[in-house]
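Quick notes on the structure that follows.
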Amino acid sequence: MNAENWRIKLSLFLNYFVFAILLNSVGTVILQVQNNYDVSKSGASILEPCKDLSIAIVSFLVASFIVRFGYKRSMLLALAVVTGTCLLMPTIGGFFMTKMLFIAVGASFALIKIGVFATIGIVAPEKKEHASLMSFVEGMFMVGVLTGNFIFAAYVNDADPKDTSWLNVYYLLAGITAVAFLLLLSSPLDESAVHQEAPRSLNEDFMAMIRLMAQVLVIVFVASAFLYVLIEQSIMSWLPTFNNKVLQLPPRLAIQMASIMPAATAIGRLLSGLLLRKIDWYKVLMGCLLLAVALVLLALPLAKGVDGSSATGWGSAPLAAFIFPLIGLLLAPIYPAINSAVLSALPVRLHAPMSGLIIVFSALGGTFGSLITGHLFEAYGGQVAFYFSLIPISLLMISLFFFNKLQKQELAKNS
């Protein structure tokens, strides 16, 4: 990569870092709006759809004209919108403003994700360089997820659950997005080669997706992707609430310890990258899902009757707070593995519409997962809500069985 691209690279890292914090703060914010605004658990669960449906809708709508508008302009627009919205959060407050924040963050992330992926192709055209930069960018996203839990926890007042001073964290996040905006604005990016290509119309993008949806392989894949994200988000988004309401941990500690799951996910993806080089992806994933079932059945009984209200730190937290989030380690390999499997089975010309389907159905999975868990949490309690994960895990195992067979048939047909 040319030396002059260092600023655009740094900008991409910073963009993904701050959006990782904002997107994955939904679990923390779900807990806080219950404490601050007396919102029910089922009511708080709407925050996930505010984020995910915005990502899905905007990703689909902008696909046909973002090339004309420009990748850099799109990312600058996203950063400007989020900076302004973050500044409004402490000023206006309230549950309605919180919903508006996640709508703005979701819509802006759709622009950021498309812009970042496209920009990587511009500044790193060679295959190895592209893979390396993509890996670093995705790694920075996980760093943001881990950092976010501790940043938000630092602003939470354990002594007064009604204290809304935690909203001041958005001044810090507005500052980071403003720096990201200025850095991107000052970074040269030559998009001329992209603009010379004739952009597809919205109707053509839509029809490409519809034709893909007629393929049995794709139908089974999107079902698998939907179920995976449903499982992941139903747990990750409600883990701070589970830690606080079920394990009775103080809010700050409950939020901090929720970071175990993204940390476990990061480790799981690193280890699976090594495993998948030597072992067939289907065997790895089925093994992980069987272990995930065992972990749920082991960890949740440990949470019964636990009172962690006297815990002052990680050292005095109950065992269940450490064990259950380790499910992230077992779920981690699934999403990248099935994405790679379906894309490798399709012609290159279909990768773009397939990517659109991945974004849309992943967002829908996250939305339904959070909504269902929120309603179960309110009606039957946190343990029953998390036992619910056994149902989509079982369905995912069935879906992967058929997906594996269809993928092998497709590969044999295209070889």
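If you're wondering about the labels, chains in the structure tokens are A, B, ... by order shown, residues count from 1 in each chain, ligands from 1 in order shown.
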
Which residues of region 307-355 of chain A sit at most 12 Å from region 236-241 of chain A, using only C-alpha atoms? Give each one's shortest atom pair and distance in Å (one decimal place), in chain and ascending residue order, as a Markdown table.
| residue | atom | partner | partner_atom | distance |
| --- | --- | --- | --- | --- |
| A:Ala320 | CA | A:Leu239 | CA | 11.7 |
| A:Ala321 | CA | A:Leu239 | CA | 9.4 |
| A:Phe322 | CA | A:Leu239 | CA | 11.4 |
| A:Phe324 | CA | A:Leu239 | CA | 9.4 |
| A:Pro325 | CA | A:Leu239 | CA | 8.0 |
| A:Leu326 | CA | A:Met236 | CA | 11.1 |
| A:Ile327 | CA | A:Met236 | CA | 10.0 |
| A:Gly328 | CA | A:Met236 | CA | 8.7 |
| A:Leu331 | CA | A:Met236 | CA | 11.5 |

Write the residues of the preceding selection, restricted to N, CA and C atoms, as a PDB file, in the first residue's frame.
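Writing done, so here's again_30.pdb:
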ATOM      1  N   ALA A 320     -21.374 -17.957  37.819  1.00  0.00           N
ATOM      2  CA  ALA A 320     -22.247 -17.930  36.637  1.00  0.00           C
ATOM      3  C   ALA A 320     -21.960 -16.728  35.739  1.00  0.00           C
ATOM      4  N   ALA A 321     -21.496 -15.623  36.342  1.00  0.00           N
ATOM      5  CA  ALA A 321     -21.204 -14.417  35.561  1.00  0.00           C
ATOM      6  C   ALA A 321     -20.018 -14.624  34.626  1.00  0.00           C
ATOM      7  N   PHE A 322     -19.169 -15.592  34.969  1.00  0.00           N
ATOM      8  CA  PHE A 322     -17.999 -15.887  34.142  1.00  0.00           C
ATOM      9  C   PHE A 322     -18.278 -16.991  33.118  1.00  0.00           C
ATOM     10  N   PHE A 324     -21.370 -18.396  31.717  1.00  0.00           N
ATOM     11  CA  PHE A 324     -22.342 -18.295  30.624  1.00  0.00           C
ATOM     12  C   PHE A 324     -21.844 -17.470  29.439  1.00  0.00           C
ATOM     13  N   PRO A 325     -21.176 -16.309  29.651  1.00  0.00           N
ATOM     14  CA  PRO A 325     -20.704 -15.521  28.489  1.00  0.00           C
ATOM     15  C   PRO A 325     -19.695 -16.249  27.615  1.00  0.00           C
ATOM     16  N   LEU A 326     -19.120 -17.351  28.135  1.00  0.00           N
ATOM     17  CA  LEU A 326     -18.158 -18.109  27.326  1.00  0.00           C
ATOM     18  C   LEU A 326     -18.814 -18.774  26.127  1.00  0.00           C
ATOM     19  N   ILE A 327     -20.150 -18.696  26.052  1.00  0.00           N
ATOM     20  CA  ILE A 327     -20.847 -19.219  24.877  1.00  0.00           C
ATOM     21  C   ILE A 327     -20.382 -18.493  23.609  1.00  0.00           C
ATOM     22  N   GLY A 328     -19.890 -17.257  23.790  1.00  0.00           N
ATOM     23  CA  GLY A 328     -19.348 -16.513  22.655  1.00  0.00           C
ATOM     24  C   GLY A 328     -18.193 -17.237  21.990  1.00  0.00           C
ATOM     25  N   LEU A 331     -19.911 -19.898  19.770  1.00  0.00           N
ATOM     26  CA  LEU A 331     -20.705 -19.365  18.659  1.00  0.00           C
ATOM     27  C   LEU A 331     -19.833 -18.649  17.626  1.00  0.00           C
TER      28      LEU A 331
END

- Item | Non-local contacts of region 265-276 of chain A (9 Å; only C-alpha atoms; under 5 positions in same chain excluded) as a ChimeraX atom specification | /A:139,142-143,260,281,284,326-334,336-337

Can you write out the residues you just picked, keeping N, CA and C atoms, as a PDB file, in the first residue's frame?
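Okay, out.pdb is ready:
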ATOM      1  N   GLY A 139     -10.763  -6.508  13.216  1.00  0.00           N
ATOM      2  CA  GLY A 139     -10.168  -6.609  14.544  1.00  0.00           C
ATOM      3  C   GLY A 139     -10.401  -5.350  15.362  1.00  0.00           C
ATOM      4  N   MET A 142     -13.804  -5.346  16.953  1.00  0.00           N
ATOM      5  CA  MET A 142     -13.886  -6.118  18.188  1.00  0.00           C
ATOM      6  C   MET A 142     -13.240  -5.375  19.348  1.00  0.00           C
ATOM      7  N   VAL A 143     -12.159  -4.627  19.075  1.00  0.00           N
ATOM      8  CA  VAL A 143     -11.538  -3.796  20.109  1.00  0.00           C
ATOM      9  C   VAL A 143     -12.539  -2.756  20.603  1.00  0.00           C
ATOM     10  N   ILE A 260     -17.206 -10.042  28.713  1.00  0.00           N
ATOM     11  CA  ILE A 260     -16.613 -11.381  28.579  1.00  0.00           C
ATOM     12  C   ILE A 260     -17.064 -12.037  27.279  1.00  0.00           C
ATOM     13  N   TRP A 281     -15.336 -27.277   7.863  1.00  0.00           N
ATOM     14  CA  TRP A 281     -16.102 -26.276   8.598  1.00  0.00           C
ATOM     15  C   TRP A 281     -17.358 -26.865   9.257  1.00  0.00           C
ATOM     16  N   VAL A 284     -16.510 -28.585  12.556  1.00  0.00           N
ATOM     17  CA  VAL A 284     -16.169 -27.581  13.586  1.00  0.00           C
ATOM     18  C   VAL A 284     -17.437 -26.942  14.135  1.00  0.00           C
ATOM     19  N   LEU A 326     -19.120 -17.351  28.135  1.00  0.00           N
ATOM     20  CA  LEU A 326     -18.158 -18.109  27.326  1.00  0.00           C
ATOM     21  C   LEU A 326     -18.814 -18.774  26.127  1.00  0.00           C
ATOM     22  N   ILE A 327     -20.150 -18.696  26.052  1.00  0.00           N
ATOM     23  CA  ILE A 327     -20.847 -19.219  24.877  1.00  0.00           C
ATOM     24  C   ILE A 327     -20.382 -18.493  23.609  1.00  0.00           C
ATOM     25  N   GLY A 328     -19.890 -17.257  23.790  1.00  0.00           N
ATOM     26  CA  GLY A 328     -19.348 -16.513  22.655  1.00  0.00           C
ATOM     27  C   GLY A 328     -18.193 -17.237  21.990  1.00  0.00           C
ATOM     28  N   LEU A 329     -17.392 -17.953  22.790  1.00  0.00           N
ATOM     29  CA  LEU A 329     -16.270 -18.732  22.272  1.00  0.00           C
ATOM     30  C   LEU A 329     -16.751 -19.816  21.315  1.00  0.00           C
ATOM     31  N   LEU A 330     -17.912 -20.408  21.621  1.00  0.00           N
ATOM     32  CA  LEU A 330     -18.450 -21.515  20.831  1.00  0.00           C
ATOM     33  C   LEU A 330     -19.273 -21.043  19.641  1.00  0.00           C
ATOM     34  N   LEU A 331     -19.911 -19.898  19.770  1.00  0.00           N
ATOM     35  CA  LEU A 331     -20.705 -19.365  18.659  1.00  0.00           C
ATOM     36  C   LEU A 331     -19.833 -18.649  17.626  1.00  0.00           C
ATOM     37  N   ALA A 332     -18.659 -18.203  18.048  1.00  0.00           N
ATOM     38  CA  ALA A 332     -17.795 -17.355  17.218  1.00  0.00           C
ATOM     39  C   ALA A 332     -17.528 -17.862  15.808  1.00  0.00           C
ATOM     40  N   PRO A 333     -17.211 -19.160  15.607  1.00  0.00           N
ATOM     41  CA  PRO A 333     -16.825 -19.592  14.250  1.00  0.00           C
ATOM     42  C   PRO A 333     -17.972 -19.631  13.250  1.00  0.00           C
ATOM     43  N   ILE A 334     -19.216 -19.631  13.722  1.00  0.00           N
ATOM     44  CA  ILE A 334     -20.351 -19.963  12.856  1.00  0.00           C
ATOM     45  C   ILE A 334     -20.569 -18.936  11.750  1.00  0.00           C
ATOM     46  N   PRO A 336     -18.742 -16.291  10.317  1.00  0.00           N
ATOM     47  CA  PRO A 336     -17.786 -16.172   9.196  1.00  0.00           C
ATOM     48  C   PRO A 336     -17.680 -17.454   8.376  1.00  0.00           C
ATOM     49  N   ALA A 337     -17.828 -18.612   9.020  1.00  0.00           N
ATOM     50  CA  ALA A 337     -17.687 -19.883   8.294  1.00  0.00           C
ATOM     51  C   ALA A 337     -18.811 -20.086   7.288  1.00  0.00           C
TER      52      ALA A 337
END

- Give me the residues within 8 Å of Ser309 (chain A) as a list of chain:residue names, counting only C-alpha atoms and dropping any in the same chain fewer than 2 places off. A:Leu247, A:Gln248, A:Leu249, A:Pro250, A:Asp307, A:Ala311

- Spatial neighbours of Asn35 (chain A), max dist 10 Å, only C-alpha atoms, sep filter under 2 positions, as a ChimeraX atom specification: /A:29-33,37-40,160-164,251

- For CA of Gly115 (chain A) and CA of Met75 (chain A), quote the distance in Å rounded to one decimal.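 So the answer is 6.1 Å.
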
Kindly assemble as a tab-separated table a list of the region 151-255 of chain A residues that lie within 6 Å of region 364-382 of chain A, each paired with its nearest atom pair and their distance in Å to one decimal, using only C-alpha atoms, sorted first by chain and then by ascending residue number.
residue	atom	partner	partner_atom	distance
A:Phe226	CA	A:Gly365	CA	4.4
A:Val229	CA	A:Gly365	CA	5.1
A:Leu230	CA	A:Gly369	CA	4.2
A:Gln233	CA	A:Gly366	CA	5.2
A:Ser234	CA	A:Gly369	CA	4.5
A:Phe242	CA	A:Gly382	CA	5.9

- Of the candidates A:Ile255, A:Lys9, A:Val360, A:Leu396, which one gets nearest to Ala124 (chain A) if we count only C-alpha atoms? A:Lys9

- Query: Which residue, A:Ser11, A:Pro188, A:Phe141, A:Leu167, has the smallest gap to Met97 (chain A) when you use only C-alpha atoms?
  - Reply: A:Leu167

- Message: Can you tell me which residues surround region 218-224 of chain A at a distance of at most 12 Å, considering only C-alpha atoms, apart from same-chain residues fewer than 2 positions away, and format the answer as a PyMOL selection string?
- Response: chain A and resi 209-216+226-231+285+334-343+345-346+350-351+353-365+392-407+410
